[in-house]
Every structure is written in structure tokens, then in C-alpha cells.
file data_7.pdb (PDB, C-alpha atoms)
ATOM      1  CA  MET A   1     -55.339 120.305-161.343
ATOM      2  CA  LEU A   2     -51.771 121.206-162.389
ATOM      3  CA  THR A   3     -50.967 117.499-162.478
ATOM      4  CA  ALA A   4     -53.869 117.018-164.888
ATOM      5  CA  LEU A   5     -52.346 119.673-167.154
ATOM      6  CA  ASP A   6     -48.988 117.867-166.994
ATOM      7  CA  LEU A   7     -50.598 114.567-167.951
ATOM      8  CA  GLY A   8     -52.726 116.186-170.640
ATOM      9  CA  LEU A   9     -49.624 117.550-172.360
ATOM     10  CA  ILE A  10     -47.728 114.249-172.131
ATOM     11  CA  TYR A  11     -50.727 112.289-173.373
ATOM     12  CA  GLY A  12     -50.907 114.859-176.182
ATOM     13  CA  LEU A  13     -48.155 112.825-177.901
ATOM     14  CA  MET A  14     -50.453 109.810-177.775
ATOM     15  CA  ALA A  15     -53.361 111.913-179.083
ATOM     16  CA  LEU A  16     -51.272 113.026-182.077
ATOM     17  CA  GLY A  17     -50.520 109.378-182.838
ATOM     18  CA  VAL A  18     -54.191 108.441-182.695
ATOM     19  CA  TYR A  19     -55.059 111.477-184.848
ATOM     20  CA  LEU A  20     -52.579 110.325-187.496
ATOM     21  CA  THR A  21     -54.279 106.963-187.955
ATOM     22  CA  PHE A  22     -57.875 107.847-187.088
ATOM     23  CA  ARG A  23     -58.189 111.111-189.037
ATOM     24  CA  VAL A  24     -55.315 111.276-191.518
ATOM     25  CA  LEU A  25     -55.180 107.616-192.607
ATOM     26  CA  ASP A  26     -58.822 106.845-191.737
ATOM     27  CA  ILE A  27     -57.780 103.675-189.874
ATOM     28  CA  ALA A  28     -59.019 102.630-186.439
ATOM     29  CA  ASP A  29     -55.807 101.200-184.995
ATOM     30  CA  LEU A  30     -56.157  99.243-181.746
ATOM     31  CA  THR A  31     -52.416  98.590-181.470
ATOM     32  CA  VAL A  32     -52.322 101.709-179.296
ATOM     33  CA  ASP A  33     -53.388  99.870-176.134
ATOM     34  CA  SER A  34     -50.257  97.701-176.198
ATOM     35  CA  SER A  35     -47.713  99.921-177.986
ATOM     36  CA  PHE A  36     -48.134 102.485-175.191
ATOM     37  CA  THR A  37     -47.067  99.815-172.697
ATOM     38  CA  THR A  38     -44.274  98.699-175.023
ATOM     39  CA  GLY A  39     -42.749 102.184-174.977
ATOM     40  CA  ALA A  40     -43.026 102.338-171.181
ATOM     41  CA  ALA A  41     -41.573  98.827-170.757
ATOM     42  CA  VAL A  42     -38.578  99.394-173.046
ATOM     43  CA  ALA A  43     -37.778 102.735-171.423
ATOM     44  CA  ALA A  44     -38.119 101.348-167.901
ATOM     45  CA  VAL A  45     -35.914  98.315-168.554
ATOM     46  CA  MET A  46     -33.238 100.391-170.273
ATOM     47  CA  ILE A  47     -33.222 102.994-167.489
ATOM     48  CA  THR A  48     -32.972 100.369-164.732
ATOM     49  CA  ALA A  49     -30.113  98.801-166.697
ATOM     50  CA  GLY A  50     -28.201 102.083-166.411
ATOM     51  CA  GLN A  51     -28.840 103.496-169.882
ATOM     52  CA  ASN A  52     -29.239 107.202-170.539
ATOM     53  CA  PRO A  53     -32.907 108.254-170.048
ATOM     54  CA  TRP A  54     -32.934 110.082-173.388
ATOM     55  CA  LEU A  55     -31.664 106.960-175.132
ATOM     56  CA  ALA A  56     -34.237 104.876-173.252
ATOM     57  CA  THR A  57     -37.058 107.180-174.364
ATOM     58  CA  LEU A  58     -35.804 106.971-177.949
ATOM     59  CA  GLY A  59     -35.724 103.183-177.574
ATOM     60  CA  GLY A  60     -39.376 103.257-176.516
ATOM     61  CA  PHE A  61     -40.238 105.348-179.584
ATOM     62  CA  LEU A  62     -38.455 102.903-181.918
ATOM     63  CA  ALA A  63     -40.133  99.920-180.251
ATOM     64  CA  GLY A  64     -43.505 101.545-180.909
ATOM     65  CA  CYS A  65     -42.524 102.099-184.542
ATOM     66  CA  VAL A  66     -41.760  98.383-184.851
ATOM     67  CA  ALA A  67     -45.163  97.507-183.373
ATOM     68  CA  GLY A  68     -46.922  99.820-185.812
ATOM     69  CA  THR A  69     -44.921  98.386-188.709
ATOM     70  CA  VAL A  70     -46.098  94.884-187.792
ATOM     71  CA  THR A  71     -49.717  96.067-187.863
ATOM     72  CA  GLY A  72     -49.096  97.743-191.220
ATOM     73  CA  LEU A  73     -47.539  94.616-192.724
ATOM     74  CA  LEU A  74     -50.416  92.462-191.481
ATOM     75  CA  HIS A  75     -52.863  94.839-193.127
ATOM     76  CA  VAL A  76     -51.032  95.665-196.368
ATOM     77  CA  ASN A  77     -49.055  92.508-197.145
ATOM     78  CA  ALA A  78     -51.287  89.874-195.541
ATOM     79  CA  GLY A  79     -54.529  91.588-196.592
ATOM     80  CA  ILE A  80     -55.979  91.546-193.059
ATOM     81  CA  HIS A  81     -58.559  94.189-192.156
ATOM     82  CA  PRO A  82     -56.793  97.028-190.271
ATOM     83  CA  LEU A  83     -59.049  96.658-187.230
ATOM     84  CA  LEU A  84     -58.262  92.942-186.942
ATOM     85  CA  ALA A  85     -54.570  93.555-187.701
ATOM     86  CA  GLY A  86     -54.409  95.985-184.783
ATOM     87  CA  ILE A  87     -56.132  93.499-182.489
ATOM     88  CA  LEU A  88     -53.683  90.747-183.452
ATOM     89  CA  THR A  89     -50.677  92.964-182.788
ATOM     90  CA  GLN A  90     -52.204  94.190-179.541
ATOM     91  CA  ILE A  91     -52.721  90.650-178.264
ATOM     92  CA  GLY A  92     -49.232  89.523-179.270
ATOM     93  CA  LEU A  93     -47.623  92.589-177.675
ATOM     94  CA  TYR A  94     -49.120  91.767-174.285
ATOM     95  CA  SER A  95     -46.902  88.688-173.987
ATOM     96  CA  ILE A  96     -43.943  90.537-175.490
ATOM     97  CA  ASN A  97     -44.376  93.357-172.977
ATOM     98  CA  LEU A  98     -44.323  90.832-170.134
ATOM     99  CA  ARG A  99     -41.128  89.406-171.582
ATOM    100  CA  ILE A 100     -39.572  92.863-171.743
ATOM    101  CA  LEU A 101     -40.584  93.810-168.193
ATOM    102  CA  GLY A 102     -39.785  90.402-166.715
ATOM    103  CA  LYS A 103     -42.608  90.983-164.222
ATOM    104  CA  ALA A 104     -45.868  92.885-164.014
ATOM    105  CA  ASN A 105     -44.363  96.085-162.607
ATOM    106  CA  VAL A 106     -40.950  97.803-162.796
ATOM    107  CA  PRO A 107     -40.372 100.707-160.331
ATOM    108  CA  LEU A 108     -38.381 103.772-161.383
ATOM    109  CA  LEU A 109     -38.139 105.790-158.183
ATOM    110  CA  ARG A 110     -35.323 104.582-155.929
ATOM    111  CA  GLY A 111     -31.779 105.045-157.141
ATOM    112  CA  VAL A 112     -32.842 105.442-160.781
ATOM    113  CA  GLU A 113     -32.139 108.507-162.904
ATOM    114  CA  THR A 114     -34.936 109.439-165.305
ATOM    115  CA  LEU A 115     -35.681 112.453-167.488
ATOM    116  CA  LEU A 116     -37.858 113.859-164.730
ATOM    117  CA  THR A 117     -35.624 113.149-161.732
ATOM    118  CA  PRO A 118     -34.376 116.793-161.531
ATOM    119  CA  LEU A 119     -37.960 118.075-161.478
ATOM    120  CA  ARG A 120     -39.068 115.429-158.989
ATOM    121  CA  ASP A 121     -36.150 116.089-156.609
ATOM    122  CA  LYS A 122     -36.972 119.807-156.577
ATOM    123  CA  GLY A 123     -40.706 119.183-156.145
ATOM    124  CA  LEU A 124     -41.529 120.829-159.461
ATOM    125  CA  LEU A 125     -43.677 118.078-160.965
ATOM    126  CA  GLY A 126     -47.271 119.274-161.107
ATOM    127  CA  SER A 127     -46.177 122.925-161.103
ATOM    128  CA  TRP A 128     -46.278 125.715-163.669
ATOM    129  CA  ILE A 129     -42.605 125.100-164.426
ATOM    130  CA  SER A 130     -43.214 121.472-165.407
ATOM    131  CA  ILE A 131     -46.243 122.564-167.430
ATOM    132  CA  LEU A 132     -44.113 125.052-169.369
ATOM    133  CA  ILE A 133     -41.464 122.388-170.012
ATOM    134  CA  PHE A 134     -43.989 119.848-171.267
ATOM    135  CA  ALA A 135     -45.744 122.547-173.322
ATOM    136  CA  ALA A 136     -42.423 123.402-175.001
ATOM    137  CA  LEU A 137     -41.831 119.700-175.700
ATOM    138  CA  ILE A 138     -45.266 119.155-177.227
ATOM    139  CA  ALA A 139     -44.884 122.373-179.261
ATOM    140  CA  ILE A 140     -41.654 121.067-180.794
ATOM    141  CA  VAL A 141     -43.150 117.656-181.536
ATOM    142  CA  THR A 142     -46.330 119.186-183.012
ATOM    143  CA  THR A 143     -44.270 121.458-185.261
ATOM    144  CA  LEU A 144     -42.222 118.511-186.521
ATOM    145  CA  PHE A 145     -45.428 116.490-186.925
ATOM    146  CA  ASN A 146     -47.037 119.160-189.105
ATOM    147  CA  TRP A 147     -43.835 119.697-191.068
ATOM    148  CA  PHE A 148     -43.760 115.971-191.822
ATOM    149  CA  LEU A 149     -47.351 116.025-193.054
ATOM    150  CA  SER A 150     -46.356 118.853-195.407
ATOM    151  CA  THR A 151     -43.572 116.818-197.044
ATOM    152  CA  GLN A 152     -44.068 114.629-200.092
ATOM    153  CA  ILE A 153     -44.465 111.521-197.931
ATOM    154  CA  GLY A 154     -46.876 113.301-195.618
ATOM    155  CA  LEU A 155     -48.988 114.573-198.506
ATOM    156  CA  GLY A 156     -49.057 111.062-199.940
ATOM    157  CA  MET A 157     -50.217 109.788-196.556
ATOM    158  CA  ARG A 158     -52.978 112.398-196.374
ATOM    159  CA  SER A 159     -54.153 111.639-199.900
ATOM    160  CA  THR A 160     -54.222 107.932-199.042
ATOM    161  CA  GLY A 161     -56.559 108.626-196.161
ATOM    162  CA  ASP A 162     -58.752 111.036-198.155
ATOM    163  CA  ASN A 163     -59.173 108.921-201.293
ATOM    164  CA  GLU A 164     -57.068 105.786-201.557
ATOM    165  CA  GLY A 165     -58.202 104.938-205.088
ATOM    166  CA  MET A 166     -57.393 108.387-206.439
ATOM    167  CA  ALA A 167     -54.054 108.424-204.605
ATOM    168  CA  ARG A 168     -53.128 105.077-206.138
ATOM    169  CA  ALA A 169     -54.108 106.358-209.574
ATOM    170  CA  GLN A 170     -51.732 109.306-209.073
ATOM    171  CA  GLY A 171     -48.830 106.929-208.433
ATOM    172  CA  VAL A 172     -48.848 107.022-204.622
ATOM    173  CA  SER A 173     -47.778 103.761-202.963
ATOM    174  CA  THR A 174     -50.732 103.651-200.601
ATOM    175  CA  GLY A 175     -49.559 100.468-198.883
ATOM    176  CA  THR A 176     -46.225 102.048-198.003
ATOM    177  CA  MET A 177     -47.979 105.180-196.779
ATOM    178  CA  LYS A 178     -50.136 103.113-194.434
ATOM    179  CA  ILE A 179     -47.148 101.235-193.023
ATOM    180  CA  ILE A 180     -45.193 104.452-192.446
ATOM    181  CA  GLY A 181     -48.234 106.130-190.885
ATOM    182  CA  LEU A 182     -48.938 103.242-188.530
ATOM    183  CA  ALA A 183     -45.272 103.060-187.538
ATOM    184  CA  LEU A 184     -45.054 106.794-186.798
ATOM    185  CA  SER A 185     -48.386 106.765-184.984
ATOM    186  CA  ASN A 186     -47.400 103.976-182.619
ATOM    187  CA  GLY A 187     -43.965 105.528-182.177
ATOM    188  CA  LEU A 188     -45.625 108.687-180.834
ATOM    189  CA  VAL A 189     -47.891 106.597-178.620
ATOM    190  CA  ALA A 190     -44.938 104.602-177.276
ATOM    191  CA  SER A 191     -42.898 107.734-176.581
ATOM    192  CA  SER A 192     -45.853 109.048-174.576
ATOM    193  CA  GLY A 193     -45.840 105.778-172.631
ATOM    194  CA  ALA A 194     -42.100 106.081-171.997
ATOM    195  CA  ILE A 195     -42.478 109.585-170.540
ATOM    196  CA  ILE A 196     -45.568 108.638-168.512
ATOM    197  CA  ALA A 197     -43.659 105.731-166.950
ATOM    198  CA  GLN A 198     -40.928 108.157-165.871
ATOM    199  CA  TYR A 199     -43.518 110.664-164.643
ATOM    200  CA  GLN A 200     -45.453 108.230-162.450
ATOM    201  CA  GLY A 201     -42.350 106.304-161.373
ATOM    202  CA  TYR A 202     -43.142 102.838-162.713
ATOM    203  CA  ALA A 203     -44.037 100.825-165.787
ATOM    204  CA  ASP A 204     -46.945  98.433-165.449
ATOM    205  CA  ILE A 205     -48.212  95.748-167.807
ATOM    206  CA  SER A 206     -51.790  97.066-167.584
ATOM    207  CA  MET A 207     -51.071 100.793-168.008
ATOM    208  CA  GLY A 208     -52.210 100.867-171.653
ATOM    209  CA  ILE A 209     -55.478  98.976-171.300
ATOM    210  CA  GLY A 210     -58.357 101.039-172.702
ATOM    211  CA  LEU A 211     -56.033 103.841-173.796
ATOM    212  CA  ILE A 212     -57.576 103.940-177.272
ATOM    213  CA  VAL A 213     -60.694 105.412-175.655
ATOM    214  CA  ALA A 214     -58.645 108.262-174.168
ATOM    215  CA  GLY A 215     -56.963 108.826-177.535
ATOM    216  CA  LEU A 216     -60.235 108.930-179.425
ATOM    217  CA  ALA A 217     -61.737 111.188-176.780
ATOM    218  CA  SER A 218     -58.866 113.649-177.195
ATOM    219  CA  VAL A 219     -59.208 113.642-180.977
ATOM    220  CA  ILE A 220     -62.991 113.951-180.897
ATOM    221  CA  ILE A 221     -62.993 116.721-178.294
ATOM    222  CA  GLY A 222     -60.317 118.592-180.202
ATOM    223  CA  THR A 223     -62.011 118.370-183.586
ATOM    224  CA  ALA A 224     -65.729 118.298-182.734
ATOM    225  CA  LEU A 225     -66.165 122.038-182.340
ATOM    226  CA  ILE A 226     -63.734 123.359-184.970
ATOM    227  CA  GLY A 227     -65.042 121.244-187.830
ATOM    228  CA  SER A 228     -62.826 120.639-190.850
ATOM    229  CA  GLN A 229     -59.736 122.839-190.596
ATOM    230  CA  GLY A 230     -56.125 122.666-191.735
ATOM    231  CA  VAL A 231     -53.682 120.159-190.314
ATOM    232  CA  TRP A 232     -51.863 122.776-188.228
ATOM    233  CA  VAL A 233     -55.024 123.973-186.497
ATOM    234  CA  THR A 234     -56.449 120.486-186.050
ATOM    235  CA  SER A 235     -53.276 119.013-184.530
ATOM    236  CA  LEU A 236     -53.155 121.913-182.059
ATOM    237  CA  PHE A 237     -56.753 121.307-181.020
ATOM    238  CA  VAL A 238     -56.074 117.578-180.674
ATOM    239  CA  VAL A 239     -53.458 118.395-178.021
ATOM    240  CA  ILE A 240     -55.911 120.815-176.405
ATOM    241  CA  GLY A 241     -58.479 118.001-176.486
ATOM    242  CA  SER A 242     -56.036 115.796-174.566
ATOM    243  CA  ILE A 243     -55.650 118.489-171.909
ATOM    244  CA  VAL A 244     -59.413 119.030-171.659
ATOM    245  CA  TYR A 245     -59.977 115.288-171.358
ATOM    246  CA  ARG A 246     -57.519 114.965-168.456
ATOM    247  CA  VAL A 247     -58.988 117.989-166.687
ATOM    248  CA  ILE A 248     -62.499 116.555-167.012
ATOM    249  CA  ILE A 249     -61.278 113.223-165.627
ATOM    250  CA  GLN A 250     -59.655 115.027-162.694
ATOM    251  CA  LEU A 251     -62.803 117.005-161.949
ATOM    252  CA  ALA A 252     -65.016 113.923-162.284
ATOM    253  CA  LEU A 253     -62.900 111.934-159.843
ATOM    254  CA  GLY A 254     -63.344 114.762-157.352
ATOM    255  CA  VAL A 255     -67.088 114.060-157.231
ATOM    256  CA  GLU A 256     -67.964 112.367-153.949
ATOM    257  CA  PHE A 257     -69.775 109.297-155.298
ATOM    258  CA  LEU A 258     -67.221 108.533-158.040
ATOM    259  CA  GLU A 259     -64.106 106.411-157.498
ATOM    260  CA  ALA A 260     -60.884 105.749-159.404
ATOM    261  CA  ASN A 261     -62.387 102.455-160.589
ATOM    262  CA  ASP A 262     -65.034 104.451-162.467
ATOM    263  CA  MET A 263     -62.489 106.115-164.767
ATOM    264  CA  LYS A 264     -63.275 103.907-167.780
ATOM    265  CA  LEU A 265     -66.988 104.635-167.418
ATOM    266  CA  ILE A 266     -66.220 108.343-167.160
ATOM    267  CA  SER A 267     -64.082 108.098-170.309
ATOM    268  CA  ALA A 268     -66.936 106.469-172.224
ATOM    269  CA  ILE A 269     -69.342 109.196-171.092
ATOM    270  CA  ILE A 270     -66.885 111.915-172.144
ATOM    271  CA  VAL A 271     -66.554 110.402-175.621
ATOM    272  CA  PHE A 272     -70.340 110.176-175.945
ATOM    273  CA  ALA A 273     -70.745 113.796-174.847
ATOM    274  CA  ALA A 274     -68.028 114.962-177.254
ATOM    275  CA  LEU A 275     -69.831 113.229-180.108
ATOM    276  CA  MET A 276     -73.233 114.631-179.228
ATOM    277  CA  ILE A 277     -72.509 118.231-178.169
ATOM    278  CA  PRO A 278     -71.666 119.496-181.698
ATOM    279  CA  ARG A 279     -75.027 118.198-182.918
ATOM    280  CA  ILE A 280     -77.164 120.202-180.544
ATOM    281  CA  GLY A 281     -77.828 123.828-179.714
ATOM    282  CA  ILE A 282     -75.477 126.655-180.529
ATOM    283  CA  PHE A 283     -72.588 124.363-181.456
ATOM    284  CA  SER A 284     -74.629 122.830-184.257
ATOM    285  CA  LYS A 285     -75.406 126.306-185.617
ATOM    286  CA  ILE A 286     -71.721 127.281-185.492
ATOM    287  CA  ARG A 287     -70.697 124.190-187.454
ATOM    288  CA  GLU A 288     -73.495 124.769-189.978
ATOM    289  CA  ARG A 289     -72.385 128.382-190.431
ATOM    290  CA  ARG A 290     -68.788 127.272-191.010
ATOM    291  CA  ARG A 291     -69.924 124.613-193.446
ATOM    292  CA  ASN A 292     -71.919 127.149-195.450
ATOM    293  CA  ARG A 293     -68.956 129.537-195.601
ATOM    294  CA  SER A 294     -66.752 126.754-196.942
ATOM    295  CA  LEU A 295     -69.108 125.982-199.829
ATOM    296  CA  VAL A 296     -67.972 127.207-203.237
ATOM    297  CA  PRO A 297     -70.687 129.364-204.890
ATOM    298  CA  GLU A 298     -72.133 128.018-208.083
ATOM    299  CA  PRO A 299     -70.923 129.801-211.243
ATOM    300  CA  ASP A 300     -73.297 132.113-213.086
ATOM    301  CA  ILE A 301     -74.008 130.303-216.361
ATOM    302  CA  THR A 302     -76.925 132.504-217.433
ATOM    303  CA  HIS A 303     -74.659 135.278-218.773
ATOM    304  CA  THR A 304     -71.380 135.380-220.624
ATOM    305  CA  PRO A 305     -68.399 137.092-218.937
ATOM    306  CA  GLU A 306     -68.787 140.059-221.329
ATOM    307  CA  GLU A 307     -72.451 140.435-220.441
ATOM    308  CA  ARG A 308     -71.695 140.341-216.703
ATOM    309  CA  ASP A 309     -68.989 142.984-217.147
ATOM    310  CA  ASN A 310     -71.370 145.236-219.060
ATOM    311  CA  GLU A 311     -74.208 144.891-216.593
ATOM    312  CA  LYS A 312     -75.152 148.122-214.873
ATOM    313  CA  VAL A 313     -76.902 148.426-211.563
ATOM    314  CA  VAL A 314     -80.102 150.416-211.779
ATOM    315  CA  PHE A 315     -81.254 152.196-208.623
TER
END
call {"tool": "encode", "arguments": {"input": "data_7.pdb", "output": "C-alpha cells"}}
result
Amino acid sequence: MLTALDLGLIYGLMALGVYLTFRVLDIADLTVDSSFTTGAAVAAVMITAGQNPWLATLGGFLAGCVAGTVTGLLHVNAGIHPLLAGILTQIGLYSINLRILGKANVPLLRGVETLLTPLRDKGLLGSWISILIFAALIAIVTTLFNWFLSTQIGLGMRSTGDNEGMARAQGVSTGTMKIIGLALSNGLVASSGAIIAQYQGYADISMGIGLIVAGLASVIIGTALIGSQGVWVTSLFVVIGSIVYRVIIQLALGVEFLEANDMKLISAIIVFAALMIPRIGIFSKIRERRRNRSLVPEPDITHTPEERDNEKVVF
């Protein structure tokens, strides 16, 4: 179970990336499945070549940014639908990832120094100490993420996702905002892949297949019950959603008749449940209550302000 918490926090970086495109920019980006592997592949190759693990992880992040930029250029400059642009980049990255790795799998355990080697040597992976370390890391990244969304560029990105036409009318370069958002999103996803490769001790060409489902599940679980809240609260719950998702996966795989091969089916069921739970029972009433509280009351147009001030209550 502690290992599931470790993975949930690391995959929280990926969930933040998916949240940026799916919720902030309102784009369903499928580049995620391959950019995750790209980050892992670049980090693994650099580490095995003797590079500093921190530099290798940064290299994975930058490689993901490049992948996201390609998707953004295909969408903005070439006029391709964002869904199709993501698919094209995803397909092309599969071959590029094989080129980077040189083979289907690159091990990172024997004679290789990674970011997590000190924890692994001391047997602290999957312990409360590793959980605290990863929690501190994700807290720093989430703070920087929210700070960025509060800057002028971040506000322009949020307005692009909320109402692209209005944002363009206000002088926001919506195309640039999309490219920057897609680049940052896939950079976060790739950095998650780089750390996961070091955590599990290898980078594999198939490690990102179907990852978009896990990302969407984390975002949906994190936002389904809280409704529409501020960016700070939502991003926190997205990370919590990633943790909950991994814990559910861990518990499901402990069921006797389920196997590791059933993980994709379990993921699909979790997403379906996350979508449906807020619509039924007490959760639906909670969301309705929050929605009613957020409504602005209609102004009283039957009396002038002077008349309302002079009104007296008669008991």
C-alpha cells in the first residue's frame, strides 16, 4: 500500500500535466501516452551514459516539452484538430522512443546511479520516508504550477481555455498560449516518466501505453466531488485523485480473481465510476447545493435604492 502512495505522488506530476490540457486549455491531448515514455527513455539513456541523474531528469522534462510543442504547432500552425495532432505526435514518438532507447528495455539497477539509489540501497522505497520526500517534491511542483497559472501568461492560458473567442478579442495570442500549455503539460508528463523509470529500475517502450486513461481518471476523481473551485484547490485534488487512483488499483489487484493483465479494464471501470458517482445519491445533492450557493442573486428591480433603504420591517 505504501508503494501505491509513492506511485500516486509521482504520477501526480503526470496528472497535473493532463489537468493543464484537459481542464485549463480544454484540449484532449493524446501525446501523453508517448511523451511519458520519451521522458523515461531520455533519462534512462543519459543516466546509463554516466550523466548526472538530476540533469537526466531535466533532459526528460525538456524532451517532453519538445513533444508537446510539436503537437501545438500541428494544431495551431497546420490547423489540425488537437485530438488528431496528439495522435500524430504519439505515433511518431513511438519510433523516436525506440531510437532513443536503442532497444525495447533499458535497465537502471546494476551499477547505475539514479535519483533514488540512496533510498533503494537503504530499503526506504515504499516507506513513509519516501512518501514524505515525494510529497515534498509534488508540493513544490504544485506551488510553482499554481504560481505560473497566476502570471500573465497563465491567465492568458486560462482565458483561452474558458473562452477562446473572447480571449482573442482581448488581445491574447491564443495560439501561443496553446503551444506553451501543451509544451508544459507534456514536460510534466515526461518528468513523471523519468522519475518512474528510476523508481522501477528500467525504461520500457510500452510503459506509457494507455496512460491517458490513468491521467483522466486522476483528474476526474480529483474534480468530480469538489465541483468548480479555484485553481489552487483543484490542482491539489488532482494530485489526491492520482493517489486515490493508485490505491484503488492496488486494492483491485489484491482481489483473488483479478490479475495484473486486467489493470486496463480496472482503469476503465474506475473512470466510469468517477464519472457516475457525482450524479447519484448524496454526492449529487452536495454538488447541487454548492452550485446554488455559487449563483449570484438577481437584483431587486421593483424598488429604487432609496425606497429599499427607507423600507421598514413591520412585525
call {"tool": "resolve_selection", "arguments": {"input": "data_7.pdb", "expression": "the PyMOL selection byres ((chain A and resi 100-108) around 6)", "output": "number ranges by chain"}}
result
A: 41, 97-99, 109, 112, 201-205
call {"tool": "atom_distance", "arguments": {"input": "data_7.pdb", "atom1": "atom CA of Ser235 of chain A", "atom2": "atom CA of Gly17 of chain A"}}
result
10.2 Å
call {"tool": "residues_around", "arguments": {"input": "data_7.pdb", "residues": "Leu119 of chain A", "least_positions_apart": "4", "cutoff": "12 Å", "atoms": "all atoms listed in the file", "output": "compact mmCIF listing (two decimals) with C-alpha atoms, in the frame of the given file"}}
result
# COMPACT_ATOMS: atom_id res chain seq x y z
CA GLU A 113 -32.14 108.51 -162.90
CA THR A 114 -34.94 109.44 -165.30
CA LEU A 115 -35.68 112.45 -167.49
CA GLY A 123 -40.71 119.18 -156.15
CA LEU A 124 -41.53 120.83 -159.46
CA LEU A 125 -43.68 118.08 -160.96
CA GLY A 126 -47.27 119.27 -161.11
CA SER A 127 -46.18 122.92 -161.10
CA TRP A 128 -46.28 125.72 -163.67
CA ILE A 129 -42.60 125.10 -164.43
CA SER A 130 -43.21 121.47 -165.41
CA ILE A 131 -46.24 122.56 -167.43
CA ILE A 133 -41.46 122.39 -170.01
CA PHE A 134 -43.99 119.85 -171.27
CA GLN A 198 -40.93 108.16 -165.87
CA TYR A 199 -43.52 110.66 -164.64
call {"tool": "closest_residue", "arguments": {"input": "data_7.pdb", "among": "A:Lys178, A:Ser150, A:Ala56, A:Met166", "to": "Leu74 of chain A", "atoms": "only C-alpha atoms"}}
result
A:Lys178
call {"tool": "axis_aligned_box", "arguments": {"input": "data_7.pdb", "around": "segment 49-55 of chain A", "padding_each_side": "5 Å", "output": "AutoDock Vina command-line options"}}
result
--center_x -30.6 --center_y 104.4 --center_z -170.8 --size_x 14.7 --size_y 21.3 --size_z 18.7
call {"tool": "atom_distance", "arguments": {"input": "data_7.pdb", "atom1": "atom CA of Arg168 of chain A", "atom2": "atom CA of Val219 of chain A"}}
result
27.3 Å
call {"tool": "atom_distance", "arguments": {"input": "data_7.pdb", "atom1": "atom CA of Ser191 of chain A", "atom2": "atom CA of Ala139 of chain A"}}
result
15.0 Å
call {"tool": "closest_residue", "arguments": {"input": "data_7.pdb", "among": "A:Val239, A:Ala190, A:Leu253, A:Leu83", "to": "Val32 of chain A", "atoms": "only C-alpha atoms"}}
result
A:Ala190
call {"tool": "resolve_selection", "arguments": {"input": "data_7.pdb", "expression": "the PyMOL selection byres ((chain A and resi 220) around 9)", "output": "list in words"}}
result
Gly215, Leu216, Ala217, Ser218, Val219, Ile221, Gly222, Thr223, Ala224, Leu225, Val238, Gly241, Val271, Ala274 and Leu275 of chain A
call {"tool": "closest_residue", "arguments": {"input": "data_7.pdb", "among": "A:Ile240, A:Val213, A:Ala197, A:Leu13", "to": "Ile266 of chain A", "atoms": "all atoms listed in the file"}}
result
A:Val213
call {"tool": "closest_residue", "arguments": {"input": "data_7.pdb", "among": "A:Phe61, A:Phe22, A:Phe145, A:Trp232", "to": "Pro82 of chain A", "atoms": "only C-alpha atoms"}}
result
A:Phe22
call {"tool": "closest_residue", "arguments": {"input": "data_7.pdb", "among": "A:Val231, A:Leu258, A:Ile248, A:Met157", "to": "Asp26 of chain A", "atoms": "only C-alpha atoms"}}
result
A:Met157
call {"tool": "closest_residue", "arguments": {"input": "data_7.pdb", "among": "A:Gly64, A:Ile243, A:Met46, A:Gln152", "to": "Ser173 of chain A", "atoms": "all atoms listed in the file"}}
result
A:Gln152
call {"tool": "resolve_selection", "arguments": {"input": "data_7.pdb", "expression": "the PyMOL selection byres ((chain A and resi 207) around 9)", "output": "PyMOL selection string"}}
result
chain A and resi 33-34+36-37+40+193+197+203-206+208-211
call {"tool": "residues_around", "arguments": {"input": "data_7.pdb", "residues": "Ile249 of chain A", "least_positions_apart": "4", "cutoff": "10 Å", "atoms": "all atoms listed in the file", "output": "PyMOL selection string"}}
result
chain A and resi 4+243-245+253-254+260+263-264+266-267+270
call {"tool": "residues_around", "arguments": {"input": "data_7.pdb", "residues": "Thr160 of chain A", "least_positions_apart": "3", "cutoff": "8 Å", "atoms": "only C-alpha atoms", "output": "PyMOL selection string"}}
result
chain A and resi 25+156-157+163-165+167-168+172+174+177-178
